[in-house]
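Remarks on the structure that follows.
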Amino acid sequence: MLQLLRSHLRGRLETPSSLIEKSGLSRGTAHRTIKAMISSGLIDQRARTKSGRTFSLHPNPKLIDMWFDLARRVVAHTGTAISTGAAGDYYFGASYLSGSLIPPLPARAEKLALAGGLRILLHADPAFLAMQKVKRQFEMHFGVPIEVRAVSLDRLHGEILENAKRPSSHFDVVTSDTCWMAELIEKKSVLPVENMSTPSSQDVLDFHSEALNTVRRGTTLFGLPVQTTPELLIYRQDLFDERGLSPPETLGDLLALARSLHDHRRGFSGICWNGARGTPVGTTFLMLLADFGQPVLNLPRIGNRFLDAELSPDHFRPQLHSDAALEAAEFLAELLAYSPDNVLQMSWYERAKCYAEGNAAMAYCYAQIMPMFLNDPKSPAHGRTGFALHPSARGQQRIAPLGGWNLCIPANVTASRVAPLREAVRTLTSAAATKLYIENGSTVSSRFSVCNDPGVARGHPIIPIVDGMARRGQIQAWPRPAVGELSEIVRILGEEIHAMLLWNKRPKTALQDAHARIDELMLSNGRYESPTV
């Protein structure tokens with residue numbers, strides 16, 4: 001039992017011969033014991049070949065549940081026996097039972113029906129690298145080999161669209177940025193994965209609702225969330241404490257703090273952010289515009305947020321002639337003075353690296369890339385980082401703009417692969433899989449239940465923080481509206497705002513040019529008929 005469970009958790013295959021050899025028992029005794037455990041439903045046999053003459057051994061879900069129940073009881077009894085009542089003992093004692101313990105994935109009774117194995121296209125970031133680290137465990141679960149390809153953000157977007165044009169998809173599962181979903185659904189590039197009207201779909205309610213909405217059209221889900229990774233403001237808690245400073249709540253506070261903490265002579269910046277031309281700085285401007293309380297398009301307002309679904313033609317019009325847009329552009333230009341010298345070449349990785357190496361007091365950062373300092377004890381920011389919602393313009397609501405990833409099935413996969421691929425996507429986004437990613441270096445989750453696992457919450461403080469934001473409705477998707485043209489909008493803004501930051505254009509001129517280009521884009525796509533004034 002010990003050997004079988006140990007191998008299962010490490011993604012190692014056991015056969016009757018290997019298990020008998022490692023048990024230390026005589027062959028006859030070990031063989032009879034294995035047969036008895038199979039008969040009692042503790043061990044599953046899975047055929048290794050089509051003939052079924054050879055098979056592998058795996059712990060049945062019943063055995064896994066029994067083992068974890070034993071583990072919980074041992075921990076509870078031990079904690080009760082040695083507890084001194086000190087605060088540090090709570091996890092080892094009874095409070096360990098306060099949340100659910102998510103057991104590991106069991107092996108499937110039969111191999112997943114995917115000839116040639118499972119082919120996945122991923123984004124190359126620390127969170128998805130954790131998925132690659134546990135590839136063996138998933139190969140053990142599915143019973144088929146897994147081929148993973150990881151590429152950069154812009155390359156991933158292009159690869160997904162190019163793959164959609166092929167007669168037959170090169171990939172079985174692709175990872176889509178939440179903001180690409182509208183484009184992929186409109187172009188019919190991805191298949192439905194789940195229907196929320198079926199009784200078996202209730203598990204999807206465990207996903208963070210804002211993330212789930214990015215794949216939802218009516219009751220149909222065109223993917224499942226695998227990461228909820230909002231953009232937060234992070235700051236050096238130790239430096240703030242030394243100076244008696246509080247984290248900024250308004251953009252005015254942010255500017256003042258960046259100014260006071262900036263020290264150009266020793267190469268220490270007040271703040272770092274995405275300033276590189278194209279997608280990086282285009283995304284920065286969208287987020288900052290939201291901090292001023294306005295979306296880039298004329299979205300309808302509902303309460304304290306904007307809707308980006310079921311839009312009428314007028315809702316697709318750009319809104320870059322506004323006072324808020326001009327204030328956002330001028331604020332970003334002013335922030336340059338307290339930023340790294342190379343900020344206009346920084347993208348997601350570079351800004352996180354600058355902060356992780358101790359070269360900035362604050363940074364905007366997605367949760368998915370925070371392992372760079374959260375998991376590295378050598379980083380000056382390790383254990384010394386605070387997390388906050390985006391500061392906003394005075395009088396505006398503070399939010400954390402949604403980022404994240406969904407697992408989707410390309411529309412051009414072979415028809416016979418669709419059913420097993422839907423099962424694979426459900427498994428890869430399950431609570432057990434999410435916990436496995438976290439145990440191997442990820443710092444993000446897309447499920448409420450995972451945060452309730454004591455082992456997850458205890459070792460990864462950012463996860464319950466994000467979970468709390470999701471529960472309070474502070475993570476919002478509208479800063480990057482769900483329209484098919486979003487990638488082009490971001491590219492246009494990334495070119496015009498970058499020119500402004502190089503002082504090649506005045507803020508008002510850059511916004512006018514961006515407005516005109518987005519207006520032309522929407523007209524050419526038939527979103528409305530007359531240009532904006």
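Chain lettering (A, B, ...) mirrors the order of the structure tokens, residue numbering begins at 1 for each chain separately, and ligand numbering begins at 1 in order of display.
Secondary structure of region 290-362 of chain A, alpha helix (DSSP H) only (DSSP, backbone atoms): Ala290, Asp291, Asp323, Ala324, Ala325, Leu326, Glu327, Ala328, Ala329, Glu330, Phe331, Leu332, Ala333, Glu334, Leu335, Trp348, Tyr349, Glu350, Arg351, Ala352, Lys353, Cys354, Tyr355 and Ala356 of chain A.
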Counting only C-alpha atoms, what is within 9 Å of His157 (chain A), bar same-chain residues fewer than 2 positions away, as a ChimeraX atom specification? /A:152-155,159-162,176-177,180,487
Could the residues in this selection be saved with N, CA, C and O atoms as a tab-separated table (two decimals), in the first residue's frame?
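In the end it all went to out.tsv:
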chain	number	residue	atom	x	y	z
A	152	SER	N	5.58	32.31	-25.87
A	152	SER	CA	5.35	33.63	-25.31
A	152	SER	C	3.92	34.09	-25.60
A	152	SER	O	3.20	33.50	-26.42
A	153	LEU	N	3.51	35.19	-24.95
A	153	LEU	CA	2.13	35.66	-25.01
A	153	LEU	C	1.67	35.96	-26.43
A	153	LEU	O	0.69	35.40	-26.93
A	154	ASP	N	2.36	36.88	-27.12
A	154	ASP	CA	1.93	37.27	-28.47
A	154	ASP	C	2.04	36.09	-29.44
A	154	ASP	O	1.21	35.91	-30.33
A	155	ARG	N	3.07	35.27	-29.25
A	155	ARG	CA	3.23	34.10	-30.11
A	155	ARG	C	2.11	33.09	-29.87
A	155	ARG	O	1.64	32.44	-30.81
A	159	GLU	N	-0.35	31.67	-32.63
A	159	GLU	CA	-0.34	30.22	-32.84
A	159	GLU	C	-1.75	29.64	-32.79
A	159	GLU	O	-2.12	28.77	-33.57
A	160	ILE	N	-2.57	30.13	-31.84
A	160	ILE	CA	-3.94	29.64	-31.72
A	160	ILE	C	-4.74	29.98	-32.99
A	160	ILE	O	-5.49	29.15	-33.52
A	161	LEU	N	-4.58	31.21	-33.48
A	161	LEU	CA	-5.33	31.63	-34.67
A	161	LEU	C	-4.84	30.89	-35.92
A	161	LEU	O	-5.65	30.51	-36.77
A	162	GLU	N	-3.53	30.68	-36.04
A	162	GLU	CA	-2.99	29.94	-37.18
A	162	GLU	C	-3.47	28.49	-37.13
A	162	GLU	O	-3.82	27.90	-38.15
A	176	SER	N	-6.04	29.85	-23.51
A	176	SER	CA	-6.43	31.16	-24.02
A	176	SER	C	-6.44	32.18	-22.89
A	176	SER	O	-6.99	31.93	-21.81
A	177	ASP	N	-5.82	33.33	-23.13
A	177	ASP	CA	-5.97	34.47	-22.23
A	177	ASP	C	-7.46	34.77	-22.13
A	177	ASP	O	-8.21	34.67	-23.11
A	180	TRP	N	-9.02	36.90	-24.82
A	180	TRP	CA	-9.12	36.43	-26.20
A	180	TRP	C	-10.38	35.62	-26.45
A	180	TRP	O	-10.69	35.28	-27.59
A	487	SER	N	-7.52	42.45	-29.12
A	487	SER	CA	-6.09	42.34	-29.41
A	487	SER	C	-5.60	43.48	-30.29
A	487	SER	O	-4.52	44.04	-30.08
Report, in Å with one decimal, the straight-line distance from CA of Asp238 (chain A) to CA of Ala352 (chain A). 17.7 Å
Between A:Val483, A:Ile462, A:Met362, A:Cys354, single out the one closest to Gly383 (chain A), counting only C-alpha atoms.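 Result for the nearest residue to Gly383 (chain A): A:Ile462.
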Residue contacts of region 430-433 of chain A (8 Å, only C-alpha atoms) excluding same-chain residues fewer than 6 positions away, as a VMD selection string: chain A and resid 102 to 105 447 449 to 450
For the residues in that selection, give me C-alpha atoms as a tab-separated table (two decimals), in the first residue's frame.
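Dumped to result.tsv:
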chain	number	residue	atom	x	y	z
A	102	ILE	CA	-8.16	17.76	-1.44
A	103	PRO	CA	-6.84	14.26	-2.21
A	104	PRO	CA	-4.66	13.58	-5.25
A	105	LEU	CA	-6.11	12.54	-8.59
A	447	ARG	CA	-11.38	27.66	-7.57
A	449	SER	CA	-12.44	25.15	-2.79
A	450	VAL	CA	-8.68	25.06	-3.29
Write out as a VMD selection string the residues lying within 8 Å of Phe306 (chain A), counting only C-alpha atoms and excluding same-chain residues fewer than 6 positions away. chain A and resid 295 299 to 300 478
May I have the residues from that selection written out with N, CA and C atoms, as a PDB file, in the first residue's frame?
ATOM      1  N   PRO A 295     -13.924  52.560 -19.204  1.00  0.00           N
ATOM      2  CA  PRO A 295     -13.434  51.554 -20.152  1.00  0.00           C
ATOM      3  C   PRO A 295     -13.014  52.212 -21.457  1.00  0.00           C
ATOM      4  N   LEU A 299     -18.987  51.137 -23.060  1.00  0.00           N
ATOM      5  CA  LEU A 299     -19.732  50.043 -22.442  1.00  0.00           C
ATOM      6  C   LEU A 299     -20.826  50.581 -21.529  1.00  0.00           C
ATOM      7  N   PRO A 300     -21.937  49.845 -21.412  1.00  0.00           N
ATOM      8  CA  PRO A 300     -23.009  50.286 -20.502  1.00  0.00           C
ATOM      9  C   PRO A 300     -22.617  50.050 -19.043  1.00  0.00           C
ATOM     10  N   TRP A 478     -13.940  43.967 -17.038  1.00  0.00           N
ATOM     11  CA  TRP A 478     -14.254  44.985 -18.028  1.00  0.00           C
ATOM     12  C   TRP A 478     -13.091  45.881 -18.451  1.00  0.00           C
TER      13      TRP A 478
END
Got a sec to tell me which of region 194-300 of chain A DSSP assigns to strand (DSSP E or B), as a ChimeraX atom specification? /A:194-195,207,216-217,220-221,224-228,231-236,250,263,268-269,272,297
